[in-house]
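Structure data (CSV, C-alpha atoms) from run11.csv:
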chain,number,residue,atom,x,y,z
A,1,MET,CA,98.5,72.3,36.7
A,2,THR,CA,95.9,71.3,39.3
A,3,LEU,CA,93.2,69.1,37.7
A,4,GLY,CA,90.0,71.0,37.1
A,5,VAL,CA,91.6,74.4,37.7
A,6,GLY,CA,91.6,76.6,34.6
A,7,GLY,CA,91.1,75.7,30.9
A,8,SER,CA,87.6,77.1,30.3
A,9,THR,CA,86.2,80.5,29.6
A,10,PRO,CA,83.5,82.0,31.9
A,11,GLN,CA,81.0,81.5,29.1
A,12,GLU,CA,81.9,77.8,28.7
A,13,ALA,CA,81.8,77.3,32.5
A,14,LEU,CA,78.3,78.9,32.8
A,15,ALA,CA,77.0,76.9,29.8
A,16,GLY,CA,77.9,73.7,31.6
A,17,LEU,CA,75.6,74.5,34.5
A,18,GLN,CA,71.9,73.7,34.7
A,19,LYS,CA,68.9,74.5,36.9
A,20,MET,CA,68.8,72.3,39.9
A,21,VAL,CA,65.8,73.5,42.0
A,22,GLY,CA,62.8,72.4,39.9
A,23,ASP,CA,61.5,69.7,42.2
A,24,ALA,CA,62.7,71.1,45.5
A,25,ARG,CA,59.6,71.3,47.8
A,26,PRO,CA,59.2,74.0,50.5
A,27,ILE,CA,58.3,73.1,54.0
A,28,GLU,CA,54.6,72.3,54.2
A,29,LEU,CA,51.9,73.2,56.7
A,30,ALA,CA,51.9,69.8,58.4
A,31,GLU,CA,55.6,70.2,59.4
A,32,TYR,CA,55.0,73.7,60.8
A,33,LEU,CA,52.3,72.3,63.0
A,34,THR,CA,54.6,69.5,64.1
A,35,ARG,CA,57.2,72.1,65.0
A,36,ILE,CA,54.7,74.1,67.1
A,37,GLU,CA,53.6,70.9,68.9
A,38,ARG,CA,57.2,70.1,69.7
A,39,ALA,CA,57.9,73.6,71.0
A,40,GLN,CA,54.9,73.5,73.2
A,41,ALA,CA,55.9,70.1,74.6
A,42,ARG,CA,59.3,71.5,75.4
A,43,MET,CA,57.8,74.6,77.0
A,44,ARG,CA,55.7,72.4,79.3
A,45,GLU,CA,58.7,70.4,80.2
A,46,LEU,CA,60.6,73.6,81.2
A,47,GLY,CA,57.7,75.3,82.9
A,48,ILE,CA,57.6,78.1,80.3
A,49,ALA,CA,54.1,79.5,79.9
A,50,ALA,CA,54.7,81.2,76.5
A,51,ILE,CA,57.4,82.4,74.2
A,52,PHE,CA,57.6,85.4,72.0
A,53,ILE,CA,59.1,84.4,68.6
A,54,ASN,CA,60.8,87.4,67.0
A,55,ALA,CA,60.9,88.3,63.3
A,56,GLY,CA,63.7,86.5,61.5
A,57,SER,CA,64.6,82.9,61.1
A,58,ASN,CA,62.8,81.8,64.2
A,59,LEU,CA,59.5,83.2,63.0
A,60,ARG,CA,60.0,81.6,59.6
A,61,TYR,CA,60.9,78.3,61.2
A,62,PHE,CA,57.7,78.0,63.2
A,63,THR,CA,55.2,79.9,61.0
A,64,GLY,CA,56.5,80.3,57.5
A,65,VAL,CA,56.3,84.1,57.9
A,66,GLN,CA,59.4,85.7,56.2
A,67,TRP,CA,60.1,88.9,58.0
A,68,HIS,CA,63.4,90.8,58.6
A,69,PRO,CA,63.8,92.2,62.1
A,70,SER,CA,63.6,96.0,62.3
A,71,GLU,CA,62.8,98.7,64.8
A,72,ARG,CA,59.1,97.7,64.7
A,73,LEU,CA,58.1,94.7,66.8
A,74,VAL,CA,56.8,91.8,64.6
A,75,GLY,CA,56.5,88.3,65.8
A,76,ALA,CA,54.3,85.6,67.3
A,77,VAL,CA,53.2,84.6,70.8
A,78,LEU,CA,53.1,80.9,71.3
A,79,PRO,CA,51.5,79.7,74.6
A,80,ALA,CA,52.4,76.3,76.0
A,81,ASP,CA,48.8,75.3,75.3
A,82,GLY,CA,46.5,76.9,72.7
A,83,PRO,CA,46.9,78.5,69.3
A,84,LEU,CA,49.7,80.8,68.2
A,85,GLU,CA,48.9,84.5,67.6
A,86,TYR,CA,50.9,87.2,65.8
A,87,LEU,CA,51.9,90.8,66.7
A,88,ALA,CA,52.4,93.4,63.9
A,89,PRO,CA,52.0,97.0,63.0
A,90,ALA,CA,48.4,97.6,61.8
A,91,PHE,CA,49.6,98.8,58.4
A,92,GLU,CA,51.5,95.5,57.9
A,93,GLU,CA,48.6,93.3,58.7
A,94,GLY,CA,47.9,92.4,55.0
A,95,THR,CA,51.5,91.6,54.2
A,96,VAL,CA,51.9,89.4,57.3
A,97,ARG,CA,48.7,87.6,56.4
A,98,ASP,CA,50.0,87.0,52.9
A,99,PHE,CA,53.2,85.4,54.3
A,100,GLN,CA,51.4,83.2,56.8
A,101,VAL,CA,51.6,79.4,56.4
A,102,VAL,CA,50.2,78.9,59.9
A,103,ASP,CA,47.0,80.8,60.5
A,104,GLY,CA,46.5,82.9,63.6
A,105,ALA,CA,45.0,86.1,64.8
A,106,ILE,CA,47.1,89.2,64.1
A,107,ASN,CA,47.2,91.6,67.1
A,108,GLN,CA,47.8,95.0,65.7
A,109,TRP,CA,49.3,98.2,67.0
A,110,GLN,CA,49.2,101.7,65.5
A,111,GLU,CA,52.4,103.7,65.1
A,112,HIS,CA,51.8,105.8,68.3
A,113,GLU,CA,50.9,102.8,70.4
A,114,SER,CA,53.2,100.5,72.4
A,115,PRO,CA,53.8,97.1,70.9
A,116,TYR,CA,55.2,96.0,74.2
A,117,GLN,CA,52.0,96.7,76.0
A,118,LEU,CA,50.2,94.8,73.2
A,119,LEU,CA,52.4,91.8,73.9
A,120,LEU,CA,51.6,91.9,77.6
A,121,ASN,CA,47.9,92.4,76.9
A,122,THR,CA,48.0,89.4,74.5
A,123,LEU,CA,49.6,87.2,77.3
A,124,GLN,CA,46.8,88.3,79.7
A,125,ARG,CA,44.1,87.5,77.2
A,126,MET,CA,45.7,84.1,76.7
A,127,GLY,CA,45.3,83.4,80.4
A,128,ILE,CA,48.9,84.0,81.3
A,129,HIS,CA,48.4,86.5,84.1
A,130,ALA,CA,51.1,88.5,85.9
A,131,HIS,CA,51.7,87.3,89.5
A,132,GLU,CA,54.0,89.0,91.9
A,133,THR,CA,54.7,85.9,94.1
A,134,ALA,CA,54.6,83.2,91.4
A,135,PRO,CA,55.4,85.0,88.2
A,136,PRO,CA,54.8,82.9,85.0
A,137,ARG,CA,57.9,82.2,83.0
A,138,VAL,CA,57.8,83.8,79.5
A,139,GLY,CA,60.6,83.1,77.0
A,140,LEU,CA,61.8,85.9,74.8
A,141,CYS,CA,63.5,85.3,71.5
A,142,ALA,CA,67.3,85.4,71.8
A,143,THR,CA,67.4,87.6,68.7
A,144,LEU,CA,65.2,90.3,70.3
A,145,ALA,CA,67.0,93.7,70.3
A,146,PHE,CA,67.9,95.0,73.7
A,147,PHE,CA,65.8,98.1,73.4
A,148,MET,CA,62.8,95.9,72.7
A,149,TYR,CA,63.5,93.7,75.7
A,150,ASP,CA,64.0,96.8,77.8
A,151,GLY,CA,60.7,98.2,76.6
A,152,ILE,CA,58.9,95.0,77.6
A,153,ARG,CA,60.7,94.8,81.0
A,154,ARG,CA,59.8,98.4,82.0
A,155,LEU,CA,56.1,97.8,81.5
A,156,ALA,CA,55.9,94.2,82.9
A,157,ARG,CA,55.3,93.4,86.5
A,158,GLY,CA,54.8,89.9,87.7
A,159,TYR,CA,56.5,88.0,84.8
A,160,GLU,CA,59.8,86.2,84.8
A,161,PHE,CA,61.5,86.6,81.4
A,162,VAL,CA,63.8,83.7,80.3
A,163,ASP,CA,65.8,82.8,77.2
A,164,GLY,CA,63.4,81.6,74.6
A,165,GLY,CA,66.4,79.8,72.9
A,166,GLN,CA,65.8,77.0,75.3
A,167,VAL,CA,62.8,76.2,73.1
A,168,THR,CA,63.6,77.6,69.7
A,169,GLY,CA,67.2,76.4,69.6
A,170,TYR,CA,66.3,73.0,70.9
A,171,CYS,CA,63.7,72.5,68.2
A,172,ARG,CA,65.8,73.9,65.3
A,173,GLN,CA,68.9,71.8,66.1
A,174,ARG,CA,67.4,68.6,65.0
A,175,LYS,CA,66.5,68.8,61.3
A,176,SER,CA,63.7,66.8,59.7
A,177,ALA,CA,64.0,64.8,56.5
A,178,ALA,CA,62.4,67.7,54.5
A,179,GLU,CA,65.0,70.1,55.9
A,180,LEU,CA,67.9,67.8,55.1
A,181,ALA,CA,66.6,67.4,51.5
A,182,LEU,CA,66.5,71.2,51.0
A,183,MET,CA,70.0,71.6,52.5
A,184,GLN,CA,71.3,68.7,50.3
A,185,ARG,CA,70.0,70.5,47.2
A,186,ALA,CA,71.5,73.8,48.2
A,187,LYS,CA,74.9,72.1,48.8
A,188,ASN,CA,74.8,70.2,45.6
A,189,MET,CA,74.2,73.5,43.8
A,190,THR,CA,77.1,75.2,45.4
A,191,LEU,CA,79.5,72.3,44.8
A,192,ALA,CA,78.6,72.5,41.1
A,193,VAL,CA,79.3,76.3,41.3
A,194,GLN,CA,82.7,75.6,43.0
A,195,LYS,CA,83.7,73.2,40.1
A,196,ALA,CA,82.6,75.7,37.5
A,197,VAL,CA,84.5,78.6,39.0
A,198,ALA,CA,87.7,76.6,39.4
A,199,SER,CA,87.5,75.7,35.7
A,200,MET,CA,87.4,79.4,34.5
A,201,LEU,CA,90.3,80.7,36.6
A,202,HIS,CA,93.2,82.3,34.6
A,203,GLU,CA,96.3,84.3,35.4
A,204,GLY,CA,95.5,88.0,36.0
A,205,ILE,CA,91.8,87.5,36.9
A,206,SER,CA,90.7,89.6,39.9
A,207,SER,CA,89.1,88.3,43.0
A,208,THR,CA,86.2,90.7,42.3
A,209,ALA,CA,85.6,89.2,38.9
A,210,VAL,CA,85.6,85.7,40.4
A,211,ALA,CA,83.1,86.7,43.0
A,212,GLU,CA,80.8,88.1,40.3
A,213,PHE,CA,81.1,84.8,38.3
A,214,VAL,CA,80.1,82.9,41.5
A,215,HIS,CA,77.0,85.0,41.7
A,216,GLN,CA,76.2,84.3,38.1
A,217,ALA,CA,76.8,80.6,38.5
A,218,HIS,CA,74.5,80.4,41.5
A,219,ARG,CA,71.8,82.0,39.4
A,220,ALA,CA,72.6,79.5,36.6
A,221,VAL,CA,71.8,76.6,38.9
A,222,GLY,CA,68.5,78.2,40.0
A,223,ALA,CA,69.4,80.2,43.1
A,224,ALA,CA,68.7,83.9,43.5
A,225,GLY,CA,72.5,84.3,43.6
A,226,SER,CA,75.1,83.8,46.3
A,227,THR,CA,74.1,84.4,49.9
A,228,PHE,CA,77.8,85.3,50.5
A,229,CYS,CA,81.1,84.9,48.6
A,230,ILE,CA,84.7,85.1,49.8
A,231,VAL,CA,87.4,84.9,47.1
A,232,LEU,CA,91.1,85.0,48.3
A,233,PHE,CA,94.4,84.5,46.5
A,234,GLY,CA,97.9,83.9,47.9
A,235,PRO,CA,98.8,85.5,51.2
A,236,ALA,CA,95.2,86.9,51.5
A,237,SER,CA,93.9,83.3,51.9
A,238,ALA,CA,95.4,83.3,55.4
A,239,PHE,CA,92.7,85.7,56.6
A,240,PRO,CA,89.7,83.5,57.3
A,241,HIS,CA,87.1,86.0,56.3
A,242,GLY,CA,89.1,88.0,53.8
A,243,VAL,CA,90.7,91.3,53.2
A,244,LYS,CA,89.4,94.7,52.1
A,245,HIS,CA,91.4,94.9,48.9
A,246,PRO,CA,90.9,92.8,45.7
A,247,GLN,CA,93.7,90.5,44.5
A,248,VAL,CA,95.0,89.4,41.2
A,249,LEU,CA,95.6,85.7,40.5
A,250,LYS,CA,99.2,84.6,40.0
A,251,PRO,CA,100.8,81.2,39.2
A,252,GLY,CA,101.5,79.3,42.4
A,253,ASP,CA,98.8,81.1,44.4
A,254,MET,CA,96.6,79.3,46.9
A,255,VAL,CA,93.0,79.9,46.0
A,256,LEU,CA,90.3,80.0,48.7
A,257,ILE,CA,86.6,80.3,47.6
A,258,ASP,CA,83.9,80.2,50.3
A,259,THR,CA,80.3,80.6,49.1
A,260,GLY,CA,76.8,79.4,49.4
A,261,CYS,CA,73.2,79.8,48.3
A,262,GLN,CA,69.7,79.0,49.7
A,263,VAL,CA,66.8,76.8,48.6
A,264,HIS,CA,63.5,77.7,50.2
A,265,GLY,CA,65.4,79.4,53.0
A,266,TYR,CA,67.9,76.5,53.7
A,267,LEU,CA,71.5,77.3,53.2
A,268,SER,CA,74.8,75.9,51.8
A,269,ASP,CA,78.3,76.9,52.8
A,270,ILE,CA,81.2,75.2,51.0
A,271,THR,CA,84.9,76.2,50.9
A,272,ARG,CA,87.4,74.9,48.4
A,273,SER,CA,91.2,75.5,48.6
A,274,TYR,CA,93.6,74.6,45.8
A,275,VAL,CA,96.7,75.9,44.0
A,276,PHE,CA,96.6,77.7,40.7
A,277,GLY,CA,99.4,75.9,38.9
A,278,GLU,CA,101.7,73.4,40.5
A,279,PRO,CA,101.6,73.0,44.3
A,280,SER,CA,104.8,73.6,46.1
A,281,ALA,CA,106.1,71.0,48.6
A,282,ARG,CA,104.9,73.2,51.5
A,283,GLN,CA,101.5,73.8,50.0
A,284,ARG,CA,101.1,70.1,49.4
A,285,GLU,CA,102.2,69.1,52.9
A,286,LEU,CA,99.8,71.6,54.7
A,287,TRP,CA,96.9,70.8,52.3
A,288,ASN,CA,97.2,67.1,53.3
A,289,MET,CA,97.3,68.2,57.0
A,290,GLU,CA,94.1,70.1,56.5
A,291,LYS,CA,92.4,67.1,54.9
A,292,GLU,CA,93.6,64.9,57.7
A,293,ALA,CA,92.2,67.2,60.3
A,294,GLN,CA,88.8,67.4,58.5
A,295,LEU,CA,88.6,63.6,58.4
A,296,ALA,CA,89.6,63.3,62.1
A,297,ALA,CA,86.7,65.7,63.0
A,298,PHE,CA,84.3,63.6,61.0
A,299,ALA,CA,85.4,60.4,62.6
A,300,ALA,CA,85.0,61.9,66.1
A,301,ALA,CA,81.4,62.9,65.4
A,302,ARG,CA,79.6,60.0,67.1
A,303,LEU,CA,76.1,60.0,68.4
A,304,GLY,CA,76.1,61.0,72.1
A,305,GLU,CA,79.6,62.5,72.0
A,306,SER,CA,79.9,66.2,72.8
A,307,CYS,CA,80.3,68.8,70.2
A,308,GLU,CA,83.6,69.9,71.7
A,309,ALA,CA,85.0,66.3,71.2
A,310,VAL,CA,84.9,67.0,67.4
A,311,ASP,CA,86.8,70.2,67.8
A,312,ASN,CA,89.3,68.4,70.0
A,313,ALA,CA,89.9,65.7,67.4
A,314,ALA,CA,90.7,68.2,64.7
A,315,ARG,CA,93.1,70.1,66.9
A,316,GLU,CA,94.8,67.0,68.1
A,317,SER,CA,95.4,66.0,64.4
A,318,LEU,CA,96.9,69.4,63.6
A,319,GLU,CA,99.0,69.4,66.8
A,320,ARG,CA,100.4,65.9,65.8
A,321,ASN,CA,101.6,67.6,62.6
A,322,GLY,CA,103.4,70.4,64.5
A,323,LEU,CA,100.7,73.1,64.2
A,324,GLY,CA,99.1,75.1,67.0
A,325,PRO,CA,98.7,74.2,69.8
A,326,GLY,CA,95.3,75.6,70.6
A,327,TYR,CA,94.6,78.7,68.5
A,328,ARG,CA,98.2,79.6,67.9
A,329,LEU,CA,99.4,80.1,64.3
A,330,PRO,CA,100.4,78.5,62.1
A,331,GLY,CA,97.3,76.5,62.9
A,332,LEU,CA,93.6,76.7,63.4
A,333,PRO,CA,92.5,80.1,64.8
A,334,HIS,CA,88.7,79.4,65.1
A,335,ARG,CA,86.2,76.7,66.0
A,336,THR,CA,86.1,73.6,63.8
A,337,GLY,CA,82.5,74.0,62.8
A,338,HIS,CA,79.1,75.6,63.2
A,339,GLY,CA,75.5,74.4,62.9
A,340,ILE,CA,73.6,75.4,59.8
A,341,GLY,CA,70.0,75.5,58.6
A,342,LEU,CA,67.9,78.6,58.1
A,343,ASP,CA,70.9,80.6,59.5
A,344,ILE,CA,74.4,80.2,58.1
A,345,HIS,CA,75.7,80.0,61.7
A,346,GLU,CA,73.4,78.5,64.3
A,347,GLY,CA,73.9,76.3,67.4
A,348,PRO,CA,75.2,74.1,68.5
A,349,TYR,CA,78.9,74.6,67.6
A,350,LEU,CA,81.9,72.3,67.2
A,351,VAL,CA,84.0,74.3,69.7
A,352,ARG,CA,85.7,73.7,73.0
A,353,GLY,CA,83.2,74.3,75.8
A,354,ASP,CA,80.1,73.3,73.8
A,355,ARG,CA,79.1,70.0,75.5
A,356,THR,CA,75.9,69.5,73.6
A,357,PRO,CA,75.6,65.8,72.8
A,358,LEU,CA,75.5,65.0,69.1
A,359,ALA,CA,72.0,63.8,68.1
A,360,GLU,CA,70.3,62.6,65.0
A,361,GLY,CA,69.3,65.4,62.7
A,362,MET,CA,72.0,67.9,63.8
A,363,CYS,CA,74.0,69.5,60.9
A,364,PHE,CA,77.5,71.0,61.0
A,365,SER,CA,80.2,72.6,58.9
A,366,ASN,CA,83.5,70.8,59.2
A,367,GLU,CA,86.3,73.4,58.5
A,368,PRO,CA,89.4,73.2,60.7
A,369,MET,CA,91.2,75.9,58.7
A,370,ILE,CA,95.0,76.1,58.6
A,371,CYS,CA,96.3,79.7,58.6
A,372,VAL,CA,100.0,80.5,57.9
A,373,PRO,CA,100.4,84.2,58.2
A,374,GLY,CA,102.3,85.9,55.3
A,375,GLU,CA,102.1,82.7,53.2
A,376,PHE,CA,98.6,81.2,52.7
A,377,GLY,CA,95.6,79.6,54.3
A,378,ILE,CA,93.8,76.4,53.5
A,379,ARG,CA,90.1,75.8,54.4
A,380,LEU,CA,88.3,72.6,53.2
A,381,GLU,CA,84.7,73.1,54.3
A,382,ASP,CA,82.1,70.5,53.8
A,383,HIS,CA,79.0,69.8,55.9
A,384,PHE,CA,77.7,66.7,57.6
A,385,TYR,CA,74.5,65.7,59.3
A,386,MET,CA,74.1,63.1,62.1
A,387,GLY,CA,72.2,60.1,60.8
A,388,ALA,CA,70.8,57.2,62.7
A,389,ASP,CA,74.2,55.4,62.5
A,390,GLY,CA,76.5,58.5,62.8
A,391,PRO,CA,77.8,61.3,60.6
A,392,CYS,CA,76.9,61.5,56.9
A,393,TRP,CA,78.5,63.9,54.4
A,394,PHE,CA,76.3,66.3,52.4
A,395,THR,CA,79.1,66.8,49.9
A,396,GLU,CA,82.2,64.6,49.3
A,397,PRO,CA,85.3,66.3,50.6
A,398,SER,CA,88.1,67.4,48.3
A,399,HIS,CA,89.9,64.5,46.8
A,400,SER,CA,93.5,65.7,46.7
A,401,VAL,CA,95.6,68.8,46.3
A,402,ASP,CA,96.3,67.8,42.7
A,403,ASP,CA,92.7,66.8,41.9
A,404,PRO,CA,90.5,68.7,44.4
A,405,PHE,CA,87.2,67.7,42.7
A,406,GLY,CA,88.1,64.0,42.0
A,407,LEU,CA,87.8,64.4,38.3
A,408,ALA,CA,90.4,61.7,37.5
A,409,ARG,CA,88.5,58.9,39.3

Write-out of the structure in structure tokens:
Amino acid sequence: MTLGVGGSTPQEALAGLQKMVGDARPIELAEYLTRIERAQARMRELGIAAIFINAGSNLRYFTGVQWHPSERLVGAVLPADGPLEYLAPAFEEGTVRDFQVVDGAINQWQEHESPYQLLLNTLQRMGIHAHETAPPRVGLCATLAFFMYDGIRRLARGYEFVDGGQVTGYCRQRKSAAELALMQRAKNMTLAVQKAVASMLHEGISSTAVAEFVHQAHRAVGAAGSTFCIVLFGPASAFPHGVKHPQVLKPGDMVLIDTGCQVHGYLSDITRSYVFGEPSARQRELWNMEKEAQLAAFAAARLGESCEAVDNAARESLERNGLGPGYRLPGLPHRTGHGIGLDIHEGPYLVRGDRTPLAEGMCFSNEPMICVPGEFGIRLEDHFYMGADGPCWFTEPSHSVDDPFGLAR
């Protein structure tokens, strides 16, 4: 039997967990102000007069305001020089003010009025005037819905609208020490959950029951629950993001569990794959290939190297072992990794074509999954950040197919 898999009841597994969030500190005002200063410096460098920061993770990153995007325009206007101001429906003014960490005037629109005209009026009042022959460049959030962009475009004359991601993405890619600490905490919590869920597996348990346990376990370590959860057994594990039907665990099944939580908005995302019972020779061989590819990707993550070089290293490892090539199966059907922070998937990406140089503070998943259609899939997913001397693991990768959590050491 795989070490650490099975042997406990759900009650025993939950009882072994403890709260892990007590001293985790949210991002403080001083850091928000530093982020804004950095964004404004980037805007001046690019010749962008202002950006509109849409509701969602970008708004939270720069202001602390937690607001889900909807059909109503909510956000902030940040000029290259001067204070930030908010836009919101008049009836939401009190709630927006309650969420504010960074103070700022709240420009309000009534339900029958145009928020797009209000945005343009705000730009004018900030001194960013429309000009037909030399239009000022205004960045719009990459997450802005098309109908909102279209509404702004139809009213605007004398502005050049550009991708605000040149500013927001640039700032968010490089995590601060405070961000890294929150991500470390979230990942520690999810790794504890992964160990607990492995310990309570038993023959006949359903994937739905395991997912529910994962939610309970995340609550036991202090999270609000799982931000997502994928549980796959046997042939279903060859589908990277799952199948629609639940499965029942059988001896010899490959188990794939991919889940995460958040701490003050910052996310974890860890996958573990192991065998329920005794691994077959084929399962053992491919599991070792997966670990080799993950380590090859990590070794290739050097400061100044391109993101795509990390993806290339993982694929070259797999191809040396007879998998692929490229996206062909059996092999790796998707990118090697994604950035992570306030969003579970954010740029840059460890994928062919992404030539972003690796820089200190960048954070990535490392998950060069092997899919064998009709048999099983193996995904070992851990995350690393780029430190001053190169890549650093947030969580220790799986030890071996027989002892995935390194319990025997």

* To do: Identify, on the basis of all atoms listed in the file, every residue whose closest approach to region 130-144 of chain A does not exceed 7 Å; exclude the query and any residue fewer than 3 positions from it along the same chain; express the result as JSON, numbers by chain.
  => {"A": [47, 48, 49, 50, 51, 52, 53, 54, 148, 149, 157, 158, 159, 160, 161, 162, 163, 164, 165]}

Those residues with C-alpha atoms, as a PDB file, in the frame of the given file please?
ATOM      1  CA  GLY A  47      57.700  75.300  82.900  1.00  0.00           C
ATOM      2  CA  ILE A  48      57.600  78.100  80.300  1.00  0.00           C
ATOM      3  CA  ALA A  49      54.100  79.500  79.900  1.00  0.00           C
ATOM      4  CA  ALA A  50      54.700  81.200  76.500  1.00  0.00           C
ATOM      5  CA  ILE A  51      57.400  82.400  74.200  1.00  0.00           C
ATOM      6  CA  PHE A  52      57.600  85.400  72.000  1.00  0.00           C
ATOM      7  CA  ILE A  53      59.100  84.400  68.600  1.00  0.00           C
ATOM      8  CA  ASN A  54      60.800  87.400  67.000  1.00  0.00           C
ATOM      9  CA  MET A 148      62.800  95.900  72.700  1.00  0.00           C
ATOM     10  CA  TYR A 149      63.500  93.700  75.700  1.00  0.00           C
ATOM     11  CA  ARG A 157      55.300  93.400  86.500  1.00  0.00           C
ATOM     12  CA  GLY A 158      54.800  89.900  87.700  1.00  0.00           C
ATOM     13  CA  TYR A 159      56.500  88.000  84.800  1.00  0.00           C
ATOM     14  CA  GLU A 160      59.800  86.200  84.800  1.00  0.00           C
ATOM     15  CA  PHE A 161      61.500  86.600  81.400  1.00  0.00           C
ATOM     16  CA  VAL A 162      63.800  83.700  80.300  1.00  0.00           C
ATOM     17  CA  ASP A 163      65.800  82.800  77.200  1.00  0.00           C
ATOM     18  CA  GLY A 164      63.400  81.600  74.600  1.00  0.00           C
ATOM     19  CA  GLY A 165      66.400  79.800  72.900  1.00  0.00           C
TER      20      GLY A 165
END

* Which of these residues is nearest to Arg335 (chain A), using only C-alpha atoms: A:Glu308, A:Asp103, A:Glu212, A:Glu316? ->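 Among A:Glu308, A:Asp103, A:Glu212, A:Glu316, it is A:Glu308 that comes nearest to Arg335 (chain A).
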
Taking (95.0, 73.4, 57.9) in the file's coordinates as the center, which residues reach within 9 Å of it, counting all atoms listed in the file, put as a PDB file with C-alpha atoms, in the coordinates of the input?
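Full text of out38.pdb as output:
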ATOM      1  CA  LEU A 286      99.800  71.600  54.700  1.00  0.00           C
ATOM      2  CA  TRP A 287      96.900  70.800  52.300  1.00  0.00           C
ATOM      3  CA  ASN A 288      97.200  67.100  53.300  1.00  0.00           C
ATOM      4  CA  MET A 289      97.300  68.200  57.000  1.00  0.00           C
ATOM      5  CA  GLU A 290      94.100  70.100  56.500  1.00  0.00           C
ATOM      6  CA  LYS A 291      92.400  67.100  54.900  1.00  0.00           C
ATOM      7  CA  GLU A 292      93.600  64.900  57.700  1.00  0.00           C
ATOM      8  CA  ALA A 293      92.200  67.200  60.300  1.00  0.00           C
ATOM      9  CA  GLN A 294      88.800  67.400  58.500  1.00  0.00           C
ATOM     10  CA  LEU A 318      96.900  69.400  63.600  1.00  0.00           C
ATOM     11  CA  LEU A 323     100.700  73.100  64.200  1.00  0.00           C
ATOM     12  CA  PRO A 330     100.400  78.500  62.100  1.00  0.00           C
ATOM     13  CA  GLY A 331      97.300  76.500  62.900  1.00  0.00           C
ATOM     14  CA  LEU A 332      93.600  76.700  63.400  1.00  0.00           C
ATOM     15  CA  GLU A 367      86.300  73.400  58.500  1.00  0.00           C
ATOM     16  CA  PRO A 368      89.400  73.200  60.700  1.00  0.00           C
ATOM     17  CA  MET A 369      91.200  75.900  58.700  1.00  0.00           C
ATOM     18  CA  ILE A 370      95.000  76.100  58.600  1.00  0.00           C
ATOM     19  CA  CYS A 371      96.300  79.700  58.600  1.00  0.00           C
ATOM     20  CA  VAL A 372     100.000  80.500  57.900  1.00  0.00           C
ATOM     21  CA  GLY A 377      95.600  79.600  54.300  1.00  0.00           C
ATOM     22  CA  ILE A 378      93.800  76.400  53.500  1.00  0.00           C
ATOM     23  CA  ARG A 379      90.100  75.800  54.400  1.00  0.00           C
ATOM     24  CA  LEU A 380      88.300  72.600  53.200  1.00  0.00           C
TER      25      LEU A 380
END

* Asked: Pick the closest to Gln108 (chain A) from A:Thr2, A:Leu87, A:Arg154, A:Arg125: which is it, counting all atoms listed in the file?
  ->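 Of the candidates, the smallest distance to Gln108 (chain A) is held by A:Leu87.
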
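Counting all atoms listed in the file and comparing A:Gly204, A:Gly347, A:Pro26, A:Pro89, the residue that lies closest to Met183 (chain A) is A:Pro26.
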
* **Atomic distance CA of Ala297 (chain A) - CA of Asn312 (chain A), expressed in Å with one decimal** =>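 Interatomic distance here is 7.9 Å.
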
* Taking into account only C-alpha atoms, which residue in the set A:Pro240, A:Pro373, A:Pro79, A:Gly7 is nearest to Thr271 (chain A)? -> A:Pro240

* Atom-to-atom span, CA of Ala313 (chain A) and CA of His338 (chain A), Å ->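 Answer for the CA of Ala313 (chain A) to CA of His338 (chain A) separation: 15.2 Å.
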
* Asked: Near Leu407 (chain A), within 8 Å and counting only C-alpha atoms, which residues show up once chain neighbours fewer than 2 positions away are dropped, as a PyMOL selection string?
  -> chain A and resi 3-4+403-405+409

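Using all atoms listed in the file, the smallest distance between any of A:Pro397, A:Gly322, A:Gly234, A:Gly64 and Leu33 (chain A) comes from A:Gly64.
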
* Structure fact -> If you count all atoms listed in the file, the residue of A:Val231, A:Leu180, A:Val214, A:Ala209 closest to Gly341 (chain A) turns out to be A:Leu180

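Atom to atom, CA of Pro235 (chain A) and CA of Ala217 (chain A) stand 25.9 Å apart.
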
Expected answer as an mmCIF file with C-alpha atoms, keeping the file's coordinate frame: all residues with atoms within 6 Å of (80.9, 73.2, 67.0), only C-alpha atoms:
data_model
loop_
_atom_site.group_PDB
_atom_site.id
_atom_site.type_symbol
_atom_site.label_atom_id
_atom_site.label_comp_id
_atom_site.auth_asym_id
_atom_site.auth_seq_id
_atom_site.Cartn_x
_atom_site.Cartn_y
_atom_site.Cartn_z
ATOM 1 C CA CYS A 307 80.300 68.800 70.200
ATOM 2 C CA GLY A 337 82.500 74.000 62.800
ATOM 3 C CA HIS A 338 79.100 75.600 63.200
ATOM 4 C CA PRO A 348 75.200 74.100 68.500
ATOM 5 C CA TYR A 349 78.900 74.600 67.600
ATOM 6 C CA LEU A 350 81.900 72.300 67.200
ATOM 7 C CA VAL A 351 84.000 74.300 69.700
#

* To do: Using only C-alpha atoms, determine which residues lie at most 9 Å from region 241-243 of chain A, disregarding the query and same-chain residues fewer than 3 positions distant; provide the list as a PyMOL selection string.
  => chain A and resi 230-232+236-238+246+258

Could you please take those selected residues and save C-alpha atoms as an mmCIF file, in the coordinates of the input?
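The result, stored in result.cif:
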data_model
loop_
_atom_site.group_PDB
_atom_site.id
_atom_site.type_symbol
_atom_site.label_atom_id
_atom_site.label_comp_id
_atom_site.auth_asym_id
_atom_site.auth_seq_id
_atom_site.Cartn_x
_atom_site.Cartn_y
_atom_site.Cartn_z
ATOM 1 C CA ILE A 230 84.700 85.100 49.800
ATOM 2 C CA VAL A 231 87.400 84.900 47.100
ATOM 3 C CA LEU A 232 91.100 85.000 48.300
ATOM 4 C CA ALA A 236 95.200 86.900 51.500
ATOM 5 C CA SER A 237 93.900 83.300 51.900
ATOM 6 C CA ALA A 238 95.400 83.300 55.400
ATOM 7 C CA PRO A 246 90.900 92.800 45.700
ATOM 8 C CA ASP A 258 83.900 80.200 50.300
#
